[in-house]
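Engineer: Enclosed is the structure file structure.csv (CSV, C-alpha atoms).
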chain,number,residue,atom,x,y,z
A,745,MET,CA,-26.6,42.3,30.3
A,746,PRO,CA,-25.6,38.8,31.3
A,747,ARG,CA,-22.6,38.4,33.5
A,748,PRO,CA,-19.6,36.6,31.9
A,749,ASP,CA,-19.1,33.0,33.1
A,750,ALA,CA,-16.0,32.0,35.1
A,751,GLY,CA,-14.4,30.5,32.0
A,752,THR,CA,-14.7,33.7,30.0
A,753,THR,CA,-13.4,35.7,33.0
A,754,THR,CA,-10.4,33.5,33.3
A,755,PHE,CA,-9.6,33.7,29.6
A,756,GLU,CA,-10.0,37.5,29.4
A,757,ALA,CA,-7.6,37.8,32.4
A,758,HIS,CA,-4.9,36.1,30.4
A,759,ARG,CA,-5.7,37.5,27.0
A,760,PRO,CA,-3.4,40.5,27.1
A,761,ARG,CA,-0.4,38.4,28.0
A,762,LEU,CA,-1.3,35.8,25.4
A,763,LEU,CA,-1.6,38.5,22.7
A,764,ARG,CA,1.8,40.0,23.6
A,765,PHE,CA,3.4,36.6,23.4
A,766,ALA,CA,1.7,35.7,20.1
A,767,TYR,CA,2.7,39.0,18.5
A,768,ARG,CA,6.3,38.5,19.5
A,769,MET,CA,6.2,35.0,18.0
A,770,LEU,CA,4.5,36.0,14.7
A,771,GLY,CA,5.4,39.7,14.2
A,772,SER,CA,1.9,40.4,13.1
A,773,MET,CA,-0.9,41.6,15.4
A,774,ALA,CA,-3.6,40.4,13.1
A,775,GLU,CA,-2.1,36.9,13.1
A,776,ALA,CA,-1.6,37.1,16.9
A,777,GLU,CA,-5.3,38.0,17.4
A,778,ASP,CA,-6.3,35.0,15.2
A,779,ALA,CA,-4.1,32.7,17.3
A,780,VAL,CA,-5.6,34.0,20.6
A,781,GLN,CA,-9.1,33.7,19.2
A,782,ASP,CA,-8.4,30.1,18.2
A,783,ALA,CA,-7.1,29.5,21.7
A,784,TRP,CA,-10.4,30.9,23.1
A,785,LEU,CA,-12.4,28.5,20.9
A,786,ARG,CA,-10.4,25.5,22.2
A,787,TRP,CA,-10.6,26.8,25.8
A,788,SER,CA,-14.4,27.1,25.4
A,789,ARG,CA,-14.7,23.4,24.4
A,790,VAL,CA,-12.6,21.9,27.3
A,791,ALA,CA,-13.9,20.9,30.7
A,792,GLN,CA,-12.4,24.0,32.3
A,793,ALA,CA,-13.1,22.8,35.9
A,794,GLU,CA,-10.6,20.0,35.2
A,795,VAL,CA,-7.8,22.3,34.1
A,796,ARG,CA,-5.7,22.8,37.1
A,797,GLU,CA,-3.5,25.5,35.7
A,798,PRO,CA,-5.3,27.6,33.1
A,799,ALA,CA,-2.3,29.9,32.5
A,800,ALA,CA,-0.1,26.9,31.5
A,801,PHE,CA,-2.9,25.4,29.4
A,802,LEU,CA,-3.5,28.6,27.5
A,803,THR,CA,0.2,29.3,27.0
A,804,ARG,CA,0.7,25.8,25.6
A,805,THR,CA,-2.3,26.2,23.3
A,806,VAL,CA,-1.2,29.6,21.9
A,807,THR,CA,2.4,28.4,21.6
A,808,HIS,CA,1.4,25.5,19.4
A,809,LEU,CA,-1.0,27.6,17.3
A,810,CYS,CA,1.8,30.1,16.7
A,811,LEU,CA,4.3,27.3,15.8
A,812,ASP,CA,1.8,26.1,13.2
A,813,ALA,CA,1.2,29.6,11.9
A,814,MET,CA,4.9,30.2,11.6
A,815,LYS,CA,5.2,27.5,9.0
A,816,SER,CA,3.0,29.3,6.5
A,817,ALA,CA,4.3,32.7,7.6
A,818,ARG,CA,7.9,31.8,6.8
A,819,ALA,CA,6.8,30.5,3.4
A,820,ARG,CA,5.1,33.8,2.6
A,821,ARG,CA,8.2,35.8,3.6
A,822,GLU,CA,10.3,33.9,1.1
A,823,THR,CA,8.2,35.5,-1.6
A,824,TYR,CA,7.8,38.9,0.2
A,825,VAL,CA,8.7,41.9,-1.9
A,826,GLY,CA,11.5,43.8,-0.4
A,827,SER,CA,12.4,44.0,3.3
A,828,TRP,CA,10.0,42.5,5.8
A,829,LEU,CA,9.5,44.3,9.1
A,830,PRO,CA,7.1,43.4,12.0
A,831,GLU,CA,3.8,45.2,12.1
A,832,PRO,CA,4.5,48.5,14.0
A,833,ILE,CA,2.9,48.7,17.3
A,834,LEU,CA,2.6,52.2,18.9
A,835,ASP,CA,3.6,52.4,22.5
A,836,ASP,CA,0.6,53.6,24.5
A,837,HIS,CA,2.3,54.3,27.8
A,838,GLU,CA,4.6,56.9,29.2
A,839,GLU,CA,6.7,54.8,31.5
A,840,GLU,CA,10.4,55.4,31.3
A,841,GLU,CA,11.2,51.7,31.6
A,842,MET,CA,9.8,48.9,29.4
A,843,ARG,CA,7.9,46.0,30.8
A,844,PRO,CA,10.1,42.8,31.1
A,845,ASP,CA,8.2,41.2,28.3
A,846,GLU,CA,8.6,44.1,25.9
A,847,LEU,CA,11.0,43.8,23.0
A,848,THR,CA,12.4,46.4,20.7
A,849,LEU,CA,11.8,46.2,17.0
A,850,THR,CA,15.6,45.5,16.6
A,851,LEU,CA,15.3,42.4,18.8
A,852,MET,CA,12.2,41.2,17.1
A,853,LEU,CA,14.0,41.3,13.8
A,854,ALA,CA,16.8,39.3,15.3
A,855,LEU,CA,14.2,36.7,16.5
A,856,GLU,CA,13.6,36.0,12.8
A,857,ARG,CA,17.0,34.4,12.6
A,858,LEU,CA,16.0,31.7,15.1
A,859,SER,CA,14.2,28.5,14.5
A,860,PRO,CA,10.6,28.4,15.6
A,861,LEU,CA,11.4,26.2,18.6
A,862,GLU,CA,14.4,28.5,19.6
A,863,ARG,CA,12.1,31.5,19.4
A,864,ALA,CA,9.4,29.9,21.5
A,865,ALA,CA,11.9,28.7,24.1
A,866,PHE,CA,13.6,32.1,24.4
A,867,LEU,CA,10.3,34.1,24.6
A,868,LEU,CA,8.7,31.8,27.1
A,869,HIS,CA,11.6,31.4,29.4
A,870,ASP,CA,13.8,34.5,29.0
A,871,VAL,CA,11.1,37.1,28.2
A,872,PHE,CA,7.8,35.9,29.8
A,873,GLY,CA,9.5,34.1,32.7
A,874,VAL,CA,7.9,30.7,32.3
A,875,PRO,CA,9.8,28.0,34.3
A,876,LEU,CA,12.1,25.8,32.3
A,877,ASP,CA,10.2,22.6,33.2
A,878,GLU,CA,6.9,24.2,32.1
A,879,VAL,CA,8.5,25.4,28.8
A,880,ALA,CA,9.7,21.8,28.2
A,881,THR,CA,6.1,20.5,28.7
A,882,THR,CA,4.7,23.2,26.4
A,883,LEU,CA,7.2,22.3,23.6
A,884,ASP,CA,7.0,18.6,24.2
A,885,ARG,CA,10.8,18.5,24.8
A,886,GLN,CA,13.1,17.3,27.5
A,887,PRO,CA,14.3,20.2,29.9
A,888,ALA,CA,17.9,19.7,28.7
A,889,SER,CA,16.8,20.1,25.1
A,890,VAL,CA,14.9,23.3,25.9
A,891,ARG,CA,17.8,24.6,27.9
A,892,GLN,CA,20.0,24.2,24.8
A,893,LEU,CA,17.4,25.9,22.6
A,894,ALA,CA,17.4,28.9,24.9
A,895,VAL,CA,21.2,29.0,25.0
A,896,ARG,CA,21.5,29.0,21.2
A,897,ALA,CA,18.8,31.7,21.0
A,898,ARG,CA,20.7,33.9,23.5
A,899,GLN,CA,23.9,33.5,21.5
A,900,HIS,CA,22.2,34.6,18.3
A,901,LEU,CA,20.5,37.5,20.0
A,902,ARG,CA,23.4,38.8,22.1
A,903,GLU,CA,24.4,41.6,19.6
A,904,ALA,CA,20.8,42.7,19.1
A,905,ARG,CA,20.1,43.4,22.7
A,906,PRO,CA,20.3,47.1,23.5
A,907,ARG,CA,23.3,47.7,25.9
A,908,TYR,CA,22.0,51.1,27.1
A,909,PRO,CA,18.3,51.8,26.9
A,910,VAL,CA,17.6,55.2,25.5
A,911,PRO,CA,15.8,57.6,27.9
A,912,ARG,CA,12.5,58.7,26.4
A,913,GLU,CA,13.4,62.4,26.4
A,914,GLU,CA,16.7,61.8,24.5
A,915,GLY,CA,14.9,59.4,22.0
A,916,ASP,CA,12.2,62.0,21.3
A,917,ARG,CA,14.9,64.7,20.8
A,918,ILE,CA,16.9,62.6,18.3
A,919,ALA,CA,13.7,61.5,16.4
A,920,ARG,CA,12.6,65.1,15.9
A,921,ALA,CA,16.1,66.2,14.9
A,922,PHE,CA,16.3,63.3,12.4
A,923,TYR,CA,13.0,64.1,10.9
A,924,ALA,CA,14.0,67.7,10.3
A,925,ALA,CA,17.4,66.9,9.0
A,926,SER,CA,16.4,64.1,6.7
A,927,HIS,CA,13.6,66.0,5.1
A,928,SER,CA,15.6,69.2,4.6
A,929,GLY,CA,18.6,67.4,3.3
A,930,ASP,CA,20.8,68.9,6.1
A,931,LEU,CA,23.8,66.6,5.7
A,932,ALA,CA,25.8,68.2,8.4
A,933,ALA,CA,23.1,67.5,10.9
A,934,LEU,CA,22.6,64.0,9.6
A,935,ARG,CA,26.3,63.3,10.0
A,936,VAL,CA,26.0,64.2,13.7
A,937,LEU,CA,22.9,62.0,14.2
A,938,LEU,CA,23.9,58.9,12.2
A,939,ALA,CA,26.4,56.2,13.2
A,940,GLU,CA,29.0,55.2,10.6
A,941,ASN,CA,27.5,51.7,10.3
A,942,VAL,CA,23.9,52.9,10.1
A,943,THR,CA,21.4,50.8,8.1
A,944,LEU,CA,18.0,51.6,6.6
A,945,GLN,CA,15.3,49.1,5.9
A,946,ALA,CA,11.9,50.0,4.3
A,947,ASP,CA,8.9,47.7,4.1
A,948,GLY,CA,6.4,48.5,1.4
A,949,GLY,CA,5.4,44.9,0.8
A,950,GLY,CA,5.2,45.5,-2.9
A,951,LYS,CA,2.0,47.6,-2.2
A,952,VAL,CA,3.7,51.0,-2.2
A,953,LEU,CA,7.0,52.5,-3.3
A,954,ALA,CA,9.8,51.6,-0.9
A,955,PHE,CA,13.5,50.7,-1.0
A,956,ARG,CA,13.6,47.0,-1.7
A,957,ASN,CA,17.1,46.4,-0.4
A,958,PRO,CA,18.6,47.6,2.9
A,959,ILE,CA,20.8,50.7,2.6
A,960,LEU,CA,24.1,50.1,4.4
A,961,GLY,CA,26.5,52.6,5.7
A,962,LEU,CA,26.6,56.3,6.4
A,963,ALA,CA,27.7,57.5,2.9
A,964,LYS,CA,24.9,55.7,1.2
A,965,VAL,CA,22.2,56.8,3.6
A,966,LEU,CA,23.4,60.4,3.4
A,967,ARG,CA,23.2,60.3,-0.4
A,968,LEU,CA,19.8,58.8,-0.2
A,969,PHE,CA,18.3,61.6,2.0
A,970,GLN,CA,20.1,64.2,0.0
A,971,GLY,CA,18.5,62.9,-3.2
A,972,LEU,CA,15.0,62.7,-1.6
A,973,ALA,CA,15.4,66.3,-0.3
A,974,ARG,CA,16.2,67.6,-3.8
A,975,LYS,CA,13.0,66.1,-5.1
A,976,GLY,CA,11.1,68.1,-2.6
A,977,ARG,CA,8.9,65.3,-1.4
A,978,PRO,CA,5.8,66.5,0.4
A,979,SER,CA,5.9,65.4,4.0
A,980,VAL,CA,3.8,66.1,7.2
A,981,LEU,CA,5.0,65.0,10.7
A,982,VAL,CA,1.8,63.5,12.1
A,983,GLN,CA,3.2,62.9,15.6
A,984,PRO,CA,6.3,61.8,17.4
A,985,GLN,CA,5.8,58.2,18.6
A,986,TRP,CA,7.6,55.3,20.2
A,987,ILE,CA,7.2,52.2,18.0
A,988,ASP,CA,7.9,48.7,19.4
A,989,GLY,CA,10.2,50.2,22.1
A,990,LEU,CA,12.1,52.5,19.7
A,991,PRO,CA,11.8,56.3,19.3
A,992,GLY,CA,10.4,57.5,16.0
A,993,TYR,CA,7.4,59.1,14.4
A,994,VAL,CA,4.4,58.7,12.2
A,995,SER,CA,4.4,60.8,9.1
A,996,LEU,CA,2.6,61.4,5.8
A,997,GLU,CA,4.9,61.0,2.9
A,998,ARG,CA,3.4,62.0,-0.5
A,999,GLY,CA,0.0,61.2,0.9
A,1000,ILE,CA,1.1,57.8,2.3
A,1001,VAL,CA,1.1,57.1,6.1
A,1002,GLN,CA,4.4,55.6,7.3
A,1003,THR,CA,6.1,54.9,10.6
A,1004,THR,CA,9.8,55.5,11.2
A,1005,ALA,CA,11.5,53.8,14.1
A,1006,LEU,CA,15.1,54.5,15.1
A,1007,ALA,CA,17.6,52.2,16.9
A,1008,ILE,CA,20.0,54.4,18.9
A,1009,GLU,CA,23.3,53.4,20.5
A,1010,GLU,CA,25.5,55.9,22.4
A,1011,GLY,CA,23.6,58.9,21.0
A,1012,ARG,CA,23.8,57.9,17.4
A,1013,ILE,CA,21.2,56.3,15.1
A,1014,THR,CA,22.4,52.8,14.1
A,1015,ALA,CA,19.3,51.6,12.3
A,1016,ILE,CA,16.3,53.2,10.6
A,1017,TYR,CA,13.1,51.1,10.1
A,1018,ILE,CA,10.5,52.5,7.8
A,1019,THR,CA,7.1,50.7,7.4
A,1020,ARG,CA,4.9,51.8,4.5
A,1021,ASN,CA,3.0,48.6,3.7
A,1022,PRO,CA,-0.6,49.7,4.2
A,1023,ASP,CA,-1.6,46.2,5.3
A,1024,LYS,CA,0.5,46.7,8.4
A,1025,LEU,CA,-0.6,50.2,9.2
A,1026,ALA,CA,-4.4,49.9,9.9
A,1027,ARG,CA,-3.9,50.0,13.6
A,1028,VAL,CA,-1.5,53.0,13.4
A,1029,MET,CA,-4.1,54.9,11.3
A,1030,THR,CA,-6.8,54.1,13.8
A,1031,ALA,CA,-4.6,55.2,16.7
A,1032,ILE,CA,-3.7,58.6,15.1
A,1033,GLU,CA,-7.3,59.3,14.2
A,1034,THR,CA,-8.5,58.9,17.8
What does this structure look like when you write it as structure tokens?

Structural biologist:
Amino acid sequence: MPRPDAGTTTFEAHRPRLLRFAYRMLGSMAEAEDAVQDAWLRWSRVAQAEVREPAAFLTRTVTHLCLDAMKSARARRETYVGSWLPEPILDDHEEEEMRPDELTLTLMLALERLSPLERAAFLLHDVFGVPLDEVATTLDRQPASVRQLAVRARQHLREARPRYPVPREEGDRIARAFYAASHSGDLAALRVLLAENVTLQADGGGKVLAFRNPILGLAKVLRLFQGLARKGRPSVLVQPQWIDGLPGYVSLERGIVQTTALAIEEGRITAIYITRNPDKLARVMTAIET
């Protein structure tokens, strides 16, 4: 078995970080993997010995690939059927605290409201800790311009940032209680679990049945789950799971795999994110089968 060369070793050392960044830029792990693979091809064609800072070179390369990909991605989302949610990524660690470069699903959705450059500046500087001057070089902008991009991004995202991270034990308890109450139609239990301003979004992508429009407010969400319970929908809880930094679970609903992630503030569920689009669940299905 031949030993990897120095260039391959260098790239593979940076690959996990590049992949995390690309996923947060694009909201799709498949597209993130494509961007990182394209970066590898470009890296393999340069005179690597002349690259003084491989990390900066690779970050710059992936950033530009993501910015290019976002143009077509945004065009596709304009014709997307129903609500669009990022591809759910199951947390594979048990740490109580998230890594500094981890974002919750709620914050990733808020990133969608930013311009591509604002998103890149915020992720690079505020999330991945890249120095401002290096971000400016990466984005081909002056430092003052990049500073303004980051400031605008923070202003847009202020409300989406979780004020009080949910302890894992509490998140697991609330997720289990929500699954039981929502599938049994226990309105009294749901009233205790849900915030008055709770919202529900479901992503079926036009491939499977899902609520096309967000459900807003406690009264409407309660009526929704009451109606579903009356229909006696077959359901199996596959496993509790944290999804993009939020407590939730994977379940089988009428034979269709779906993920449910819950945003929680002060002990109440403020948002319910349901992903049913099979195109976004391949990795989830692989994970639960292993």

Engineer: For each of A:Ala799, A:Ile1008, A:Cys810, A:Ala925, take the minimum atom-to-atom distance to A:Ala939, counting all atoms listed in the file, then give the residue where this is smallest.

Structural biologist: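 Closest to A:Ala939, using all atoms listed in the file: A:Ile1008.
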
Engineer: Would you kindly return, as a ChimeraX atom specification, each protein, DNA or RNA residue with an atom no farther than 12 Å from any atom of stretch 769-772 of chain A, considering only C-alpha atoms and excluding same-chain residues fewer than 3 positions away?

Structural biologist: /A:762-766,775-780,806-818,821,828-833,847-856,858-868,871-872,988,1023-1027

Engineer: Measuring between only C-alpha atoms, which one of A:Thr1003, A:Ala774, A:Leu883, A:His869 shows the shortest distance to A:Ala897?

Structural biologist: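 The closest residue to A:Ala897 is A:His869.
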
Engineer: Nearest to A:Pro760: which of A:Val1001, A:Leu802, A:Arg907, A:Leu785 is it, counting only C-alpha atoms?

Structural biologist: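 Closest candidate: A:Leu802.
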
Engineer: In Å, with one decimal, what is the gap from atom CA of A:Lys964 to atom CA of A:Tyr1017?

Structural biologist: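 Going from atom CA of A:Lys964 over to atom CA of A:Tyr1017, I get 15.5 Å.
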
Engineer: Between A:Ala946, A:Phe922, A:Arg857, A:Gly915, which is the closest to A:Arg896 once you count all atoms listed in the file?

Structural biologist: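 Smallest distance to A:Arg896 is found for A:Arg857.
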
Engineer: Record the distance separating atom CA of A:Leu953 and atom CA of A:Arg1012, expressed in Å with one decimal.

Structural biologist: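 A separation of 27.2 Å between them.
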
Engineer: Taking all atoms listed in the file into account, name the residue in A:Ala800, A:Leu934, A:Val910, A:Ala919 that is nearest to A:Thr881.

Structural biologist: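 Once distances to A:Thr881 are computed over all atoms listed in the file, the minimum belongs to A:Ala800.
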
Engineer: State, in Å with one decimal place, the distance from atom CA of A:Leu876 to atom CA of A:Val895.

Structural biologist: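 We find that atom CA of A:Leu876 and atom CA of A:Val895 lie 12.1 Å from each other.
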
Engineer: Counting all atoms listed in the file, figure out which residue out of A:Glu794, A:Asp947, A:Asp835, A:Asp870 gets nearest to A:Leu901.

Structural biologist: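 Of all the options, A:Asp870 lies closest to A:Leu901.
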
Engineer: A:Asn1021: which residues within 9 Å, counting all atoms listed in the file, same-chain residues fewer than 4 positions away excluded, as a PyMOL selection string?

Structural biologist: chain A and resi 947-954+1002+1025

Engineer: Please determine the residues with any atom at most 12 Å from (19.8, 57.1, 24.9) (coordinates as given in the file, with all atoms listed in the file counting) and report them as number ranges by chain.

Structural biologist: A: 840, 906-919, 990-991, 1006-1014

Engineer: Store the residues of this selection in a file with C-alpha atoms, as a PDB file, in the coordinates of the input.

Structural biologist:
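The resulting file, selection_32.pdb, is reproduced below:
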ATOM      1  CA  GLU A 840      10.400  55.400  31.300  1.00  0.00           C
ATOM      2  CA  PRO A 906      20.300  47.100  23.500  1.00  0.00           C
ATOM      3  CA  ARG A 907      23.300  47.700  25.900  1.00  0.00           C
ATOM      4  CA  TYR A 908      22.000  51.100  27.100  1.00  0.00           C
ATOM      5  CA  PRO A 909      18.300  51.800  26.900  1.00  0.00           C
ATOM      6  CA  VAL A 910      17.600  55.200  25.500  1.00  0.00           C
ATOM      7  CA  PRO A 911      15.800  57.600  27.900  1.00  0.00           C
ATOM      8  CA  ARG A 912      12.500  58.700  26.400  1.00  0.00           C
ATOM      9  CA  GLU A 913      13.400  62.400  26.400  1.00  0.00           C
ATOM     10  CA  GLU A 914      16.700  61.800  24.500  1.00  0.00           C
ATOM     11  CA  GLY A 915      14.900  59.400  22.000  1.00  0.00           C
ATOM     12  CA  ASP A 916      12.200  62.000  21.300  1.00  0.00           C
ATOM     13  CA  ARG A 917      14.900  64.700  20.800  1.00  0.00           C
ATOM     14  CA  ILE A 918      16.900  62.600  18.300  1.00  0.00           C
ATOM     15  CA  ALA A 919      13.700  61.500  16.400  1.00  0.00           C
ATOM     16  CA  LEU A 990      12.100  52.500  19.700  1.00  0.00           C
ATOM     17  CA  PRO A 991      11.800  56.300  19.300  1.00  0.00           C
ATOM     18  CA  LEU A1006      15.100  54.500  15.100  1.00  0.00           C
ATOM     19  CA  ALA A1007      17.600  52.200  16.900  1.00  0.00           C
ATOM     20  CA  ILE A1008      20.000  54.400  18.900  1.00  0.00           C
ATOM     21  CA  GLU A1009      23.300  53.400  20.500  1.00  0.00           C
ATOM     22  CA  GLU A1010      25.500  55.900  22.400  1.00  0.00           C
ATOM     23  CA  GLY A1011      23.600  58.900  21.000  1.00  0.00           C
ATOM     24  CA  ARG A1012      23.800  57.900  17.400  1.00  0.00           C
ATOM     25  CA  ILE A1013      21.200  56.300  15.100  1.00  0.00           C
ATOM     26  CA  THR A1014      22.400  52.800  14.100  1.00  0.00           C
TER      27      THR A1014
END

Engineer: Determine, counting all atoms listed in the file, which protein, DNA and RNA residues have an atom within 10 Å of an atom of A:Leu962; residues of the same chain fewer than 4 positions away are not included. Present the result as a list in words.

Structural biologist: Leu934, Arg935, Leu938, Ala939, Glu940, Asn941, Val942, Thr943, Leu944, Leu966, Arg967, Leu968 and Thr1014 of chain A
